[in-house]
Amino acid sequence: KQKFAEKAAALFQENRAMLKEHGDKIIDQVAIRQLYGGMRGMKSMIWETSELDAYEGIRFRGYSIRELRKLLPKAPNCKEPLPEGLFWLMLVGEIPSQEEVNWLTEEWKKRGELPARTTAMLDAMPADTHPMTQLSMGILSLQNDSVFAKRYEEGMPKNEYWDAYYEDSMNLIAKLPRLAAYIYRRTFHNNEHIAADPSLDWGANFAHMLGISEHADFKSLMRLYLTIHADHEGGNASAHSTHLVGSTLSDPYYSLSGGMNALAGPLHGLANQEVIKWILEMVEELGTDTPTNEQITEYINQTLEAGKVIPGYGHAVLRQPDPRYIAQRHFAEEYIKDDAIVSIVWKLFTIVPPILQDLGKVKNPWPNVDAHSGALLMHYGLKEFSFYTVLFGVSRAMGVLAAGVWSRALGMPLERPKSMTSKAIKEFLKKS
Ligand code: FAM
């Protein structure tokens with residue numbers, strides 16, 4: 001917190017001076033197409049924690065996923081990074097030492113308990129409530145304890161916003177694995193729960209509480225998964241929703257719940273459930289888990305002819321295979337290369353892109369993060385794919401909340417862009 005405070009105060013002053021001198025410089029232009037086209041590519045916000053390059057993919061504070069898998073501190077006997085380290089990096093801007101990450105692990109353990117009202121509320125919901133609905137509501141049920149909301153009500157001055165936002169974010173991230181594991185066990189395992197193991201780090205403890213496999217490799221997978229899904233710069237729907245809600249000075253609970261509602265859409269985070277559902281339906285329809293290239297091609301064409309998208313392929317910004325896909329592929333190559341579903345995922349990598357390219361309209365024919373994740377989870381026994389987006393959400397919380405702390409520290413105002421009507425566009429065109 002102290003390290004963050006020093007860095008944030010310095011950047012706040014720097015930005016003030018920079019804006020005084022350069023605030024009126026034009027950094028981008030807006031075409032009418034972008035107003036109708038989901039604001040693609042429009043530079044419109046500040047996001048400190050990560051930046052996306054269309055060809056290289058995501059970089060967290062300048063580090064690629066490949067570099068982070070080497071550089072971030074690790075748990076004993078595990079090759080994958082501890083996600084706690086990525087949170088530290090996003091917040092503080094420096095690769096943490098092992099001691100610093102251990103401190104964060106311990107801190108989240110202390111803050112991890114769920115209040116009884118949250119589990120009581122979840123227990124009162126029909127078991128077939130989608131896990132993402134349960135996650136969003138579970139997060140909101142924690143809002144009673146918001147430090148930010150309480151201190152705001154008591155008259156907190158602006159220069160303390162970040163401090164209260166930080167406390168809430170730390171509390172919320174600490175609780176998310178327990179909340180998510182509770183949702184999983186109540187929905188799919190007769191409401192039989194597994195207590196947290198105080199000897200484990202954040203990601204491994206999550207894996208343990210899910211109760212699927214005590215295999216060390218599954219814990220490694222969870223650490224990798226929670227690291228690579230954390231952030232994808234500010235414009236993606238879950239990040240931008242969290243950012244927008246937070247800009248009204250709603251506290252982190254309201255903000256993250258909003259972000260999770262955006263993640264729950266099939267064009268965004270829900271794509272991970274859609275991918276595996278689509279693959280399993282293919283296996284069932286063809287009656288084999290070793291389909292030929294011709295059979296897969298036929299199935300892809302059927303999907304497209306039905307007017308549907310191929311889940312896990314395409315991206316609003318990326319124009320190359322997603323490095324988050326590649327990281328998961330490397331994991332699969334090392335640990336589970338003979339898995340039948342993984343083999344289908346790899347075949348799709350060669351078959352889907354030329355087909356999408358031939359459509360002539362798809363800007364990125366390559367796989368995104370969601371094309372691979374389900375096959376890995378299935379292998380270790382996490383087969384209930386309607387839960388997959390919750391895993392994405394637990395990870396995404398780290399990025400969007402770290403960014404939220406920065407937004408409060410930098411004094412970001414209420415977000416309020418300008419909208420236009422089609423009539424106004426016509427009038428503009430008449431005049432131009
Ligand atoms: N399969 C079939 N058609 C696709 C496609 C795909 N995978 N990806 C794009 N297209 C179509 C798209 O529907 C649009 O068609 P229309 O003009 O007829 O509406 C056209 O190609 C141009 O789209 P684009 O400019 O290439 O993509 P967008 O920036 O509009 O959309 C995605 C990006 C991700 C929504 C889109 O590629 C898609 O629907 N992919 C499948 C769903 C998916 O995997 N989402 C997860 C994205 C992931 F990274 C995440 O957020 N977790």
# chains A, B, ... in the order shown; residues from 1 in each chain; ligands from 1
call {"tool": "residues_near_ligand", "arguments": {"ligand": "ligand 1", "cutoff": "8 Å", "atoms": "only C-alpha atoms and all ligand atoms", "output": "PyMOL selection string"}}
result
chain A and resi 37-38+40+236-237+263+266-272+275+304+308-317+356+359+361-365+367-371
call {"tool": "residues_around", "arguments": {"residues": "A:Leu122", "least_positions_apart": "5", "cutoff": "10 Å", "atoms": "only C-alpha atoms", "output": "ChimeraX atom specification"}}
result
/A:117,127,129,134-135,137-138,141,179,182-183,186-187
call {"tool": "select_by_dssp", "arguments": {"residues": "stretch 47-161 of chain A", "states": "strand (DSSP E or B)", "output": "list in words"}}
result
Ser50, Glu51, Leu52, Asp53, Gly57, Ile58, Arg59, Phe60, Tyr63, Ser64, Lys74 and Pro81 of chain A
call {"tool": "select_by_dssp", "arguments": {"residues": "stretch 147-281 of chain A", "states": "helix (DSSP H, G or I)", "output": "ChimeraX atom specification"}}
result
/A:147-153,158-188,202-210,216-228,237-247,252-263,271-281
call {"tool": "closest_residue", "arguments": {"among": "A:Met222, A:Ala9, A:Ala216, A:Ala54", "to": "A:Trp366", "atoms": "only C-alpha atoms"}}
result
A:Ala54
call {"tool": "closest_residue", "arguments": {"among": "A:Tyr253, A:Phe387, A:Tyr335, A:Tyr55", "to": "A:His215", "atoms": "only C-alpha atoms"}}
result
A:Tyr335
call {"tool": "atom_distance", "arguments": {"atom1": "atom CA of A:Leu256", "atom2": "atom CA of A:Phe87"}}
result
15.6 Å
call {"tool": "closest_residue", "arguments": {"among": "A:Leu172, A:Lys423, A:Glu334, A:Ile355", "to": "A:Gln302", "atoms": "only C-alpha atoms"}}
result
A:Ile355
call {"tool": "residues_around", "arguments": {"residues": "A:Ser373", "least_positions_apart": "3", "cutoff": "10 Å", "atoms": "only C-alpha atoms", "output": "PyMOL selection string"}}
result
chain A and resi 221+225+272-273+275-276+312+324-325+328-329+332+342+345+368-370+376-378+388+392
call {"tool": "residues_around", "arguments": {"residues": "A:Phe206", "least_positions_apart": "6", "cutoff": "10 Å", "atoms": "only C-alpha atoms", "output": "number ranges by chain"}}
result
A: 176-181, 196-197, 200, 219, 222-223, 391, 394
call {"tool": "atom_distance", "arguments": {"atom1": "atom CA of A:Met260", "atom2": "atom CA of A:Ser136"}}
result
6.1 Å
call {"tool": "closest_residue", "arguments": {"among": "A:Leu35, A:Ile279, A:Ala124, A:Leu249", "to": "A:Asn191", "atoms": "only C-alpha atoms"}}
result
A:Ala124
call {"tool": "decode", "arguments": {"residues": "stretch 186-226 of chain A", "atoms": "C-alpha atoms", "output": "compact mmCIF listing (two decimals), in the first residue's frame"}}
result
# COMPACT_ATOMS: atom_id res chain seq x y z
CA ARG A 186 -23.80 -25.85 -3.92
CA THR A 187 -24.74 -26.00 -7.57
CA PHE A 188 -23.03 -29.22 -8.60
CA HIS A 189 -22.04 -31.14 -5.45
CA ASN A 190 -25.08 -31.36 -3.15
CA ASN A 191 -24.13 -28.25 -1.20
CA GLU A 192 -21.22 -30.18 0.34
CA HIS A 193 -18.40 -27.73 0.99
CA ILE A 194 -14.67 -28.02 1.47
CA ALA A 195 -12.95 -25.84 4.07
CA ALA A 196 -10.10 -23.56 3.01
CA ASP A 197 -6.60 -24.93 3.60
CA PRO A 198 -4.57 -22.24 5.38
CA SER A 199 -1.31 -23.72 4.10
CA LEU A 200 -2.17 -22.99 0.46
CA ASP A 201 -1.75 -19.90 -1.74
CA TRP A 202 -4.73 -18.09 -3.28
CA GLY A 203 -4.94 -20.11 -6.52
CA ALA A 204 -4.10 -23.51 -5.04
CA ASN A 205 -6.61 -22.98 -2.24
CA PHE A 206 -9.27 -22.22 -4.83
CA ALA A 207 -8.43 -25.46 -6.63
CA HIS A 208 -8.59 -27.30 -3.29
CA MET A 209 -12.00 -25.83 -2.34
CA LEU A 210 -13.48 -26.76 -5.72
CA GLY A 211 -12.73 -30.36 -4.69
CA ILE A 212 -12.24 -31.73 -8.18
CA SER A 213 -8.71 -32.97 -8.00
CA GLU A 214 -5.96 -32.74 -5.43
CA HIS A 215 -3.50 -33.33 -8.26
CA ALA A 216 -0.62 -30.84 -8.05
CA ASP A 217 -0.95 -30.22 -11.80
CA PHE A 218 -4.50 -28.94 -11.36
CA LYS A 219 -3.25 -26.45 -8.78
CA SER A 220 -0.59 -25.35 -11.28
CA LEU A 221 -3.25 -24.98 -13.94
CA MET A 222 -5.38 -22.84 -11.63
CA ARG A 223 -2.42 -20.54 -10.92
CA LEU A 224 -1.78 -20.17 -14.66
CA TYR A 225 -5.46 -19.71 -15.46
CA LEU A 226 -5.93 -17.04 -12.78
